[in-house]
>>> print(open('start-v2.cif').read())   # mmCIF, C-alpha atoms
data_target
#
loop_
_atom_site.label_atom_id
_atom_site.label_comp_id
_atom_site.auth_asym_id
_atom_site.auth_seq_id
_atom_site.Cartn_x
_atom_site.Cartn_y
_atom_site.Cartn_z
CA MET A 1 -40.24 8.53 -9.36
CA PRO A 2 -38.32 10.26 -6.52
CA ASP A 3 -37.08 13.81 -7.08
CA THR A 4 -33.26 13.83 -6.99
CA GLY A 5 -33.02 17.58 -7.56
CA GLY A 6 -31.24 17.10 -10.89
CA ARG A 7 -28.49 15.04 -9.30
CA LEU A 8 -27.47 11.53 -10.24
CA PRO A 9 -28.51 8.75 -7.86
CA LYS A 10 -25.79 7.62 -5.44
CA GLU A 11 -25.24 4.33 -7.32
CA ALA A 12 -24.76 6.17 -10.62
CA ARG A 13 -22.33 8.65 -9.04
CA SER A 14 -20.33 5.76 -7.58
CA LEU A 15 -20.18 4.09 -10.99
CA TRP A 16 -18.87 7.28 -12.57
CA VAL A 17 -16.26 7.69 -9.83
CA TYR A 18 -15.02 4.13 -10.42
CA LEU A 19 -15.00 4.55 -14.19
CA ILE A 20 -13.09 7.83 -14.12
CA SER A 21 -10.69 6.51 -11.49
CA PHE A 22 -9.95 3.37 -13.49
CA ILE A 23 -9.36 5.35 -16.69
CA LEU A 24 -7.05 7.68 -14.74
CA PHE A 25 -5.27 4.64 -13.29
CA LEU A 26 -4.63 3.15 -16.75
CA GLY A 27 -3.47 6.54 -18.06
CA VAL A 28 -1.00 6.97 -15.18
CA LEU A 29 0.36 3.45 -15.77
CA PHE A 30 0.85 4.14 -19.47
CA ILE A 31 2.62 7.47 -18.91
CA ALA A 32 4.83 5.98 -16.17
CA VAL A 33 5.94 3.20 -18.51
CA SER A 34 6.81 5.76 -21.21
CA LEU A 35 8.80 8.18 -19.04
CA GLY A 36 12.23 7.66 -17.50
CA SER A 37 15.90 8.42 -17.98
CA VAL A 38 15.37 7.28 -21.58
CA PRO A 39 12.05 8.83 -22.72
CA VAL A 40 10.07 6.72 -25.18
CA PRO A 41 7.42 8.20 -27.52
CA LEU A 42 3.90 7.28 -26.46
CA SER A 43 3.19 5.69 -29.85
CA ASP A 44 6.23 3.40 -29.50
CA THR A 45 5.21 2.47 -25.96
CA TRP A 46 1.71 1.64 -27.18
CA ASN A 47 3.00 -0.62 -29.97
CA ILE A 48 5.48 -2.37 -27.68
CA LEU A 49 2.81 -3.08 -25.07
CA LEU A 50 0.44 -4.39 -27.74
CA ARG A 51 3.16 -6.68 -29.08
CA TYR A 52 4.35 -7.84 -25.64
CA LEU A 53 0.91 -8.36 -24.08
CA PHE A 54 -1.24 -9.34 -27.07
CA GLY A 55 1.21 -10.11 -29.92
CA ILE A 56 -0.33 -7.55 -32.32
CA GLY A 57 1.90 -4.47 -32.10
CA ASP A 58 4.00 -3.10 -34.99
CA LEU A 59 7.63 -2.60 -33.90
CA GLU A 60 8.88 -1.28 -37.22
CA GLY A 61 11.02 1.85 -36.79
CA ILE A 62 11.42 1.44 -33.03
CA GLN A 63 15.01 1.77 -31.81
CA SER A 64 16.86 -1.36 -30.77
CA GLY A 65 16.68 -2.00 -27.03
CA THR A 66 13.56 0.10 -26.49
CA GLU A 67 11.36 -3.01 -26.29
CA THR A 68 13.55 -4.43 -23.52
CA ILE A 69 13.40 -1.16 -21.57
CA ILE A 70 9.60 -1.04 -21.74
CA ALA A 71 8.67 -4.71 -21.40
CA MET A 72 11.37 -6.03 -19.07
CA VAL A 73 12.34 -3.00 -16.95
CA ARG A 74 9.59 -0.39 -16.68
CA LEU A 75 6.41 -2.45 -17.06
CA PRO A 76 7.10 -4.86 -14.16
CA ARG A 77 8.33 -1.97 -12.01
CA VAL A 78 5.19 0.09 -12.64
CA LEU A 79 2.89 -2.88 -12.00
CA LEU A 80 4.74 -3.67 -8.77
CA ALA A 81 4.43 -0.05 -7.63
CA ALA A 82 0.70 -0.08 -8.39
CA MET A 83 0.12 -3.28 -6.42
CA THR A 84 2.22 -2.07 -3.49
CA GLY A 85 0.42 1.27 -3.31
CA GLY A 86 -2.96 -0.42 -3.55
CA ALA A 87 -2.08 -2.97 -0.87
CA LEU A 88 -0.75 -0.40 1.61
CA SER A 89 -3.72 1.92 1.03
CA LEU A 90 -6.28 -0.87 1.42
CA ALA A 91 -4.58 -2.16 4.57
CA GLY A 92 -4.56 1.36 6.01
CA ALA A 93 -8.27 1.87 5.28
CA VAL A 94 -9.15 -1.43 6.98
CA MET A 95 -7.02 -0.72 10.06
CA GLN A 96 -8.48 2.77 10.45
CA SER A 97 -11.96 1.25 10.35
CA LEU A 98 -11.21 -1.62 12.72
CA LEU A 99 -9.51 0.59 15.30
CA LYS A 100 -11.73 3.65 14.66
CA ASN A 101 -8.67 5.86 14.55
CA PRO A 102 -7.60 8.12 11.63
CA LEU A 103 -3.90 7.66 12.52
CA ALA A 104 -3.94 3.88 12.17
CA ASP A 105 -1.96 2.24 9.39
CA GLY A 106 0.84 -0.27 9.02
CA SER A 107 3.61 2.20 9.81
CA THR A 108 2.04 3.92 12.82
CA LEU A 109 1.07 0.58 14.39
CA GLY A 110 4.52 -0.94 13.95
CA VAL A 111 3.48 -3.67 11.50
CA SER A 112 5.68 -2.25 8.73
CA SER A 113 8.63 -2.01 11.13
CA GLY A 114 8.11 -5.62 12.13
CA GLY A 115 7.93 -6.70 8.49
CA ALA A 116 11.09 -4.73 7.74
CA LEU A 117 12.85 -6.43 10.65
CA GLY A 118 11.90 -9.85 9.30
CA ALA A 119 13.04 -8.95 5.79
CA VAL A 120 16.38 -7.53 6.98
CA LEU A 121 16.94 -10.63 9.10
CA SER A 122 16.29 -12.73 6.00
CA ILE A 123 18.82 -10.69 3.99
CA VAL A 124 21.51 -10.86 6.68
CA LEU A 125 21.05 -14.61 7.24
CA GLY A 126 20.86 -15.31 3.52
CA LEU A 127 17.52 -17.10 3.80
CA ARG A 128 16.50 -18.03 0.28
CA PHE A 129 15.03 -20.88 -1.75
CA SER A 130 16.89 -21.97 -4.86
CA PHE A 131 13.68 -22.45 -6.85
CA PHE A 132 12.38 -18.94 -5.97
CA PRO A 133 15.07 -16.58 -4.57
CA GLY A 134 12.69 -13.90 -3.26
CA LEU A 135 10.34 -16.30 -1.48
CA GLY A 136 12.39 -16.54 1.72
CA LEU A 137 12.43 -12.77 2.18
CA ALA A 138 8.69 -12.51 1.47
CA LEU A 139 7.77 -15.27 3.93
CA SER A 140 10.01 -13.74 6.61
CA SER A 141 8.42 -10.32 6.12
CA ILE A 142 4.84 -11.65 6.19
CA ALA A 143 5.49 -13.78 9.28
CA ALA A 144 7.23 -10.92 11.10
CA SER A 145 4.39 -8.51 10.22
CA PHE A 146 1.79 -10.90 11.63
CA LEU A 147 3.80 -11.66 14.78
CA SER A 148 4.35 -7.93 15.31
CA LEU A 149 0.64 -7.28 15.11
CA ILE A 150 -0.13 -10.08 17.57
CA PHE A 151 2.56 -8.81 19.95
CA ILE A 152 1.27 -5.21 19.80
CA LEU A 153 -2.35 -6.21 20.43
CA THR A 154 -1.39 -8.64 23.21
CA LEU A 155 0.77 -6.07 24.97
CA THR A 156 -1.96 -3.45 24.58
CA TYR A 157 -4.50 -5.83 26.13
CA ARG A 158 -2.17 -6.42 29.09
CA ILE A 159 -1.86 -2.67 29.60
CA ASP A 160 -5.41 -1.65 28.80
CA ARG A 161 -8.08 -4.37 28.64
CA SER A 162 -10.45 -2.00 26.85
CA LEU A 163 -7.99 -1.94 23.92
CA SER A 164 -8.16 1.84 23.70
CA THR A 165 -7.06 3.06 20.28
CA ASN A 166 -4.71 5.58 21.88
CA THR A 167 -3.01 2.75 23.79
CA ILE A 168 -2.73 0.69 20.60
CA ILE A 169 -1.14 3.63 18.76
CA LEU A 170 1.28 4.29 21.62
CA THR A 171 2.24 0.61 21.84
CA GLY A 172 2.76 0.55 18.07
CA VAL A 173 5.06 3.57 18.22
CA ILE A 174 7.10 1.97 21.02
CA PHE A 175 7.33 -1.30 19.10
CA SER A 176 8.41 0.59 15.97
CA MET A 177 11.30 2.10 17.94
CA LEU A 178 12.26 -1.33 19.26
CA ALA A 179 12.08 -2.99 15.85
CA GLY A 180 13.97 -0.06 14.31
CA SER A 181 16.79 -0.35 16.84
CA ILE A 182 17.11 -4.09 16.21
CA THR A 183 17.08 -3.46 12.46
CA SER A 184 19.84 -0.86 12.87
CA LEU A 185 21.88 -3.36 14.84
CA LEU A 186 21.47 -5.93 12.06
CA VAL A 187 22.55 -3.31 9.52
CA VAL A 188 25.75 -2.70 11.50
CA LEU A 189 26.41 -6.44 11.64
CA SER A 190 25.37 -7.12 8.04
CA GLY A 191 28.87 -6.89 6.54
CA GLU A 192 28.69 -7.49 2.80
CA SER A 193 24.90 -7.05 2.80
CA LEU A 194 25.16 -3.50 4.17
CA LYS A 195 24.52 -1.61 0.92
CA GLN A 196 21.59 -3.84 -0.04
CA VAL A 197 20.00 -3.52 3.41
CA VAL A 198 20.40 0.26 3.65
CA PHE A 199 18.99 1.01 0.19
CA TRP A 200 16.17 -1.50 0.65
CA SER A 201 15.21 -0.03 4.04
CA MET A 202 14.50 3.35 2.43
CA GLY A 203 12.01 1.87 -0.03
CA SER A 204 12.69 1.39 -3.71
CA PHE A 205 11.44 -0.42 -6.81
CA SER A 206 14.80 -0.17 -8.53
CA GLY A 207 15.94 -3.41 -10.11
CA LYS A 208 12.61 -5.16 -9.57
CA GLY A 209 11.46 -7.48 -12.35
CA TRP A 210 8.76 -9.95 -13.30
CA GLU A 211 9.81 -12.42 -10.59
CA HIS A 212 8.84 -9.84 -7.96
CA VAL A 213 5.50 -9.23 -9.72
CA MET A 214 4.86 -12.99 -9.69
CA LEU A 215 5.75 -13.11 -6.01
CA MET A 216 3.38 -10.32 -4.98
CA ALA A 217 0.48 -10.81 -7.38
CA PRO A 218 -1.16 -13.89 -5.75
CA VAL A 219 -1.05 -12.39 -2.22
CA PHE A 220 -2.20 -9.01 -3.52
CA PHE A 221 -5.20 -10.22 -5.52
CA LEU A 222 -6.40 -12.86 -3.06
CA GLY A 223 -5.85 -10.60 -0.03
CA SER A 224 -7.52 -7.58 -1.64
CA LEU A 225 -10.57 -9.52 -2.80
CA ALA A 226 -10.93 -11.12 0.64
CA MET A 227 -10.71 -7.73 2.37
CA ILE A 228 -13.27 -6.13 0.07
CA ALA A 229 -15.60 -9.07 0.75
CA PHE A 230 -15.79 -7.88 4.38
CA SER A 231 -17.12 -4.42 3.42
CA LYS A 232 -20.54 -4.98 5.01
CA GLU A 233 -18.96 -6.21 8.24
CA LEU A 234 -16.74 -3.13 8.37
CA ASN A 235 -19.82 -0.95 7.90
CA ALA A 236 -21.32 -2.73 10.90
CA PHE A 237 -18.11 -2.09 12.90
CA SER A 238 -18.56 1.65 12.30
CA LEU A 239 -21.68 1.42 14.50
CA GLY A 240 -19.63 -0.05 17.35
CA GLU A 241 -18.66 -3.63 18.15
CA GLU A 242 -21.64 -4.21 20.43
CA GLN A 243 -24.07 -3.09 17.75
CA ALA A 244 -22.23 -5.20 15.16
CA ARG A 245 -22.58 -8.29 17.38
CA TYR A 246 -26.26 -7.48 17.90
CA ILE A 247 -26.94 -7.59 14.15
CA GLY A 248 -25.14 -10.92 13.80
CA VAL A 249 -21.49 -10.11 13.02
CA ASP A 250 -18.91 -12.46 14.55
CA THR A 251 -16.68 -9.56 15.53
CA ARG A 252 -13.80 -11.62 16.92
CA THR A 253 -13.48 -13.80 13.82
CA VAL A 254 -13.83 -10.83 11.46
CA LYS A 255 -11.15 -8.86 13.30
CA LEU A 256 -8.77 -11.83 13.32
CA VAL A 257 -9.23 -12.55 9.62
CA LEU A 258 -8.82 -8.90 8.63
CA LEU A 259 -5.72 -8.49 10.79
CA VAL A 260 -4.18 -11.61 9.21
CA LEU A 261 -4.97 -10.27 5.73
CA THR A 262 -3.54 -6.88 6.69
CA ALA A 263 -0.32 -8.50 7.90
CA CYS A 264 -0.05 -10.48 4.65
CA LEU A 265 -0.53 -7.42 2.42
CA ILE A 266 1.86 -5.26 4.41
CA GLY A 267 4.40 -8.06 4.73
CA VAL A 268 4.56 -8.88 1.02
CA SER A 269 4.66 -5.14 0.17
CA VAL A 270 7.60 -4.59 2.51
CA SER A 271 9.37 -7.65 1.12
CA VAL A 272 9.37 -6.36 -2.47
CA SER A 273 9.70 -2.62 -1.92
CA GLY A 274 11.23 -2.00 1.50
CA THR A 275 9.77 0.40 4.04
CA ILE A 276 7.41 2.96 2.46
CA GLY A 277 5.49 5.24 4.78
CA PHE A 278 2.40 7.47 4.71
CA VAL A 279 0.62 5.67 1.82
CA GLY A 280 -1.72 3.73 4.09
CA LEU A 281 -2.26 6.79 6.25
CA VAL A 282 -3.01 9.50 3.68
CA VAL A 283 -4.65 7.80 0.68
CA PRO A 284 -7.66 6.38 2.62
CA HIS A 285 -8.45 9.88 3.92
CA ILE A 286 -8.37 11.35 0.41
CA THR A 287 -10.52 8.46 -0.83
CA ARG A 288 -13.03 8.88 2.00
CA MET A 289 -13.52 12.53 0.98
CA ILE A 290 -14.50 11.36 -2.52
CA THR A 291 -16.51 8.19 -1.87
CA GLY A 292 -17.82 8.71 1.65
CA PRO A 293 -17.49 6.26 4.55
CA ASP A 294 -19.35 3.29 3.00
CA HIS A 295 -16.71 0.54 2.78
CA ARG A 296 -18.37 -1.00 -0.28
CA ARG A 297 -17.12 2.05 -2.17
CA LEU A 298 -14.22 3.10 0.06
CA LEU A 299 -12.16 -0.09 -0.14
CA PRO A 300 -12.12 -0.60 -3.94
CA ALA A 301 -11.46 3.12 -4.46
CA SER A 302 -8.61 3.06 -1.91
CA LEU A 303 -7.07 0.24 -3.91
CA ILE A 304 -7.15 2.29 -7.13
CA PHE A 305 -6.05 5.61 -5.62
CA GLY A 306 -3.25 3.92 -3.67
CA GLY A 307 -1.92 2.46 -6.92
CA ILE A 308 -2.09 5.84 -8.66
CA PHE A 309 -0.32 7.58 -5.77
CA MET A 310 2.52 5.05 -5.63
CA VAL A 311 3.07 4.96 -9.40
CA LEU A 312 3.27 8.76 -9.52
CA THR A 313 5.68 9.00 -6.58
CA ASP A 314 7.87 6.25 -8.06
CA LEU A 315 7.86 8.09 -11.40
CA LEU A 316 8.94 11.25 -9.59
CA SER A 317 11.72 9.41 -7.74
CA ARG A 318 13.31 8.19 -10.98
CA THR A 319 12.79 11.27 -13.17
CA LEU A 320 13.21 14.29 -10.88
CA LEU A 321 17.03 14.07 -10.86
CA SER A 322 17.39 11.79 -13.90
CA PRO A 323 19.56 9.84 -14.54
CA GLU A 324 20.07 9.68 -10.76
CA GLU A 325 17.40 7.95 -8.70
CA PHE A 326 16.54 8.24 -5.04
CA PRO A 327 14.38 5.94 -2.86
CA VAL A 328 10.63 6.21 -3.37
CA GLY A 329 10.12 6.08 0.41
CA VAL A 330 11.64 9.56 0.62
CA VAL A 331 9.09 10.91 -1.89
CA THR A 332 6.06 9.23 -0.30
CA SER A 333 7.04 10.45 3.18
CA PHE A 334 7.49 14.03 2.00
CA ALA A 335 4.37 14.12 -0.18
CA GLY A 336 2.30 12.22 2.37
CA ALA A 337 3.29 14.49 5.24
CA VAL A 338 2.39 17.64 3.27
CA ILE A 339 -0.95 16.21 2.11
CA PHE A 340 -1.82 15.00 5.58
CA ILE A 341 -1.10 18.43 7.11
CA VAL A 342 -3.34 20.10 4.49
CA ILE A 343 -6.17 17.62 5.11
CA PHE A 344 -5.89 18.00 8.88
CA TYR A 345 -5.76 21.82 8.68
CA ARG A 346 -8.74 22.11 6.35
CA TYR A 347 -10.84 19.72 8.43
CA ASN A 348 -10.12 21.42 11.72
CA ASN A 349 -10.87 24.87 10.31
CA ARG A 350 -14.17 24.12 8.62
CA PRO A 351 -17.38 25.54 10.21
CA GLY A 352 -19.28 23.28 12.60
CA ARG A 353 -16.66 20.52 12.57
CA LYS A 354 -16.89 17.55 14.90
CA ALA A 355 -14.10 15.42 16.34
CA TRP A 356 -12.01 13.97 13.53
CA HIS A 357 -12.70 10.24 13.22
CA GLY A 358 -11.37 9.84 9.68
#
>>> encode(input="start-v2.cif", output="structure tokens")
Amino acid sequence: MPDTGGRLPKEARSLWVYLISFILFLGVLFIAVSLGSVPVPLSDTWNILLRYLFGIGDLEGIQSGTETIIAMVRLPRVLLAAMTGGALSLAGAVMQSLLKNPLADGSTLGVSSGGALGAVLSIVLGLRFSFFPGLGLALSSIAASFLSLIFILTLTYRIDRSLSTNTIILTGVIFSMLAGSITSLLVVLSGESLKQVVFWSMGSFSGKGWEHVMLMAPVFFLGSLAMIAFSKELNAFSLGEEQARYIGVDTRTVKLVLLVLTACLIGVSVSVSGTIGFVGLVVPHITRMITGPDHRRLLPASLIFGGIFMVLTDLLSRTLLSPEEFPVGVVTSFAGAVIFIVIFYRYNNRPGRKAWHG
């Protein structure tokens, strides 16, 4: 039996990390559902959730209207925040791995800006389906995210056929400015939709209900599972594309599929929450410090930690100045920027450091 020096084997440590993370995730969800402008005792929240989800809770002694607040207002909002945070974090981790750049995510590459442009265009034009009002906005955002990604990569290839990551980042920043200016123009011309567009563009889960959860859930679960299924291929990409091809990875197909999945996750996230920055940039770095670079552990953990981060920031946005509420995008940008500066500073000041590749 090999000597592990008193330490748990790597597989056992990974299992404990997942178990603790999942318990923490459930605890954060439960607390977020209980807290708000109208605080609800944890015991009442527990009974309401048991009754609403499993039909076994005891609602005796619970104030009238509390069940509606928990089951119809806070629970769908918290679940939507968790899915959005997980989707953005997972997409960021995949893009950083594909492009081998620690600054890559949906916002820095312009994909989020493109998705926001598509969503705002849908709002201004009133594109909607009578049988599912939010579907038109979601489809517009997903399509615009994908087209933005294709445009950025095509333009980068025209400029630099080696597809240098620095060129991709620069092209993404330029495209973000272009998409932002067009979005601003649409806001000016939006007329009666002005208030909705402005508040949505800053990122918020306010007023979101079960219909938004139903809209996002299929794309989130199918897209996330499909991305995680490519963990081994992403590990091969970390060796370089030539080495990945040598060991049998169809690099072109894998990149195309992952980019399509990334566009879908970012697009549906933008459609239900608006523009939320820094989640896909910061959370994968924090996760990588805990799990290491192996994508078989990194991707599932990014999903969980992204959900925790978003639920906590949304909770802060609606309780910090209660009963007033401000957009969650403001909180994530502030918190993400501070965390990213700390990570960058600590890494670049540690002894014997190498170039930062995320």
>>> closest_residue(input="start-v2.cif", among="A:Val111, A:Leu50, A:Met83, A:Ser145", to="Glu67 (chain A)", atoms="all atoms listed in the file")
A:Leu50
>>> resolve_selection(input="start-v2.cif", expression="the PyMOL selection byres ((chain A and resi 313-316) around 9)", output="ChimeraX atom specification")
/A:32-33,35-36,78,81,204-205,308-312,317-321,327-329,331-332,335
>>> atom_distance(input="start-v2.cif", atom1="CA of Arg288 (chain A)", atom2="CA of Phe22 (chain A)")
16.7 Å
>>> closest_residue(input="start-v2.cif", among="A:Val254, A:Leu303, A:Leu155, A:Met72", to="Leu53 (chain A)", atoms="all atoms listed in the file")
A:Met72
>>> resolve_selection(input="start-v2.cif", expression="the PyMOL selection byres ((chain A and resi 97) around 9)", output="VMD selection string")
chain A and resid 92 to 96 98 to 102 104 234 to 235 237 to 238 295 358
>>> atom_distance(input="start-v2.cif", atom1="CA of Val282 (chain A)", atom2="CA of Val330 (chain A)")
15.0 Å
>>> closest_residue(input="start-v2.cif", among="A:Leu147, A:Met216, A:Leu88, A:Ala119", to="Gly280 (chain A)", atoms="only C-alpha atoms")
A:Leu88
>>> axis_aligned_box(input="start-v2.cif", around="region 243-252 of chain A", padding_each_side="6 Å", output="AutoDock Vina command-line options")
--center_x -20.4 --center_y -7.8 --center_z 15.5 --size_x 25.1 --size_y 21.4 --size_z 16.9
>>> residues_around(input="start-v2.cif", residues="Leu59 (chain A)", least_positions_apart="2", cutoff="9 Å", atoms="only C-alpha atoms", output="PyMOL selection string")
chain A and resi 44+47-48+51+57+61-63+67
>>> atom_distance(input="start-v2.cif", atom1="CA of Ser107 (chain A)", atom2="CA of Ser269 (chain A)")
12.2 Å
>>> resolve_selection(input="start-v2.cif", expression="the PyMOL selection byres ((chain A and resi 175) around 9)", output="list of chain:residue names")
A:Leu109, A:Gly110, A:Val111, A:Ser113, A:Gly114, A:Ser148, A:Phe151, A:Ile152, A:Leu170, A:Thr171, A:Gly172, A:Val173, A:Ile174, A:Ser176, A:Met177, A:Leu178, A:Ala179, A:Gly180
>>> closest_residue(input="start-v2.cif", among="A:Ala91, A:Val198, A:Thr156, A:Phe30", to="Thr275 (chain A)", atoms="all atoms listed in the file")
A:Val198
>>> closest_residue(input="start-v2.cif", among="A:Val187, A:Ala82, A:Val28, A:Val257", to="Ala116 (chain A)", atoms="all atoms listed in the file")
A:Val187
>>> closest_residue(input="start-v2.cif", among="A:Met202, A:Ile276, A:Val268, A:Leu256", to="Phe326 (chain A)", atoms="only C-alpha atoms")
A:Met202
>>> residues_around(input="start-v2.cif", residues="Ser302 (chain A)", least_positions_apart="6", cutoff="7 Å", atoms="all atoms listed in the file", output="ChimeraX atom specification")
/A:86,89-90,283-284,287
>>> closest_atom_pairs(input="start-v2.cif", of="region 159-278 of chain A", to="region 136-140 of chain A", cutoff="10 Å", atoms="only C-alpha atoms", output="Markdown table")
| residue | atom | partner | partner_atom | distance |
| --- | --- | --- | --- | --- |
| A:His212 | CA | A:Ala138 | CA | 9.8 |
| A:Leu215 | CA | A:Ala138 | CA | 8.1 |
| A:Met216 | CA | A:Ala138 | CA | 8.6 |
| A:Cys264 | CA | A:Leu139 | CA | 9.2 |
| A:Gly267 | CA | A:Ala138 | CA | 7.0 |
| A:Val268 | CA | A:Ala138 | CA | 5.5 |
| A:Ser269 | CA | A:Ala138 | CA | 8.5 |
| A:Val270 | CA | A:Ala138 | CA | 8.1 |
| A:Ser271 | CA | A:Ala138 | CA | 4.9 |
| A:Val272 | CA | A:Ala138 | CA | 7.3 |
>>> write_last_selection(input="start-v2.cif", atoms="C-alpha atoms", output="CSV table (one decimal), in the frame of the given file")
chain,number,residue,atom,x,y,z
A,212,HIS,CA,8.8,-9.8,-8.0
A,215,LEU,CA,5.8,-13.1,-6.0
A,216,MET,CA,3.4,-10.3,-5.0
A,264,CYS,CA,0.0,-10.5,4.6
A,267,GLY,CA,4.4,-8.1,4.7
A,268,VAL,CA,4.6,-8.9,1.0
A,269,SER,CA,4.7,-5.1,0.2
A,270,VAL,CA,7.6,-4.6,2.5
A,271,SER,CA,9.4,-7.6,1.1
A,272,VAL,CA,9.4,-6.4,-2.5
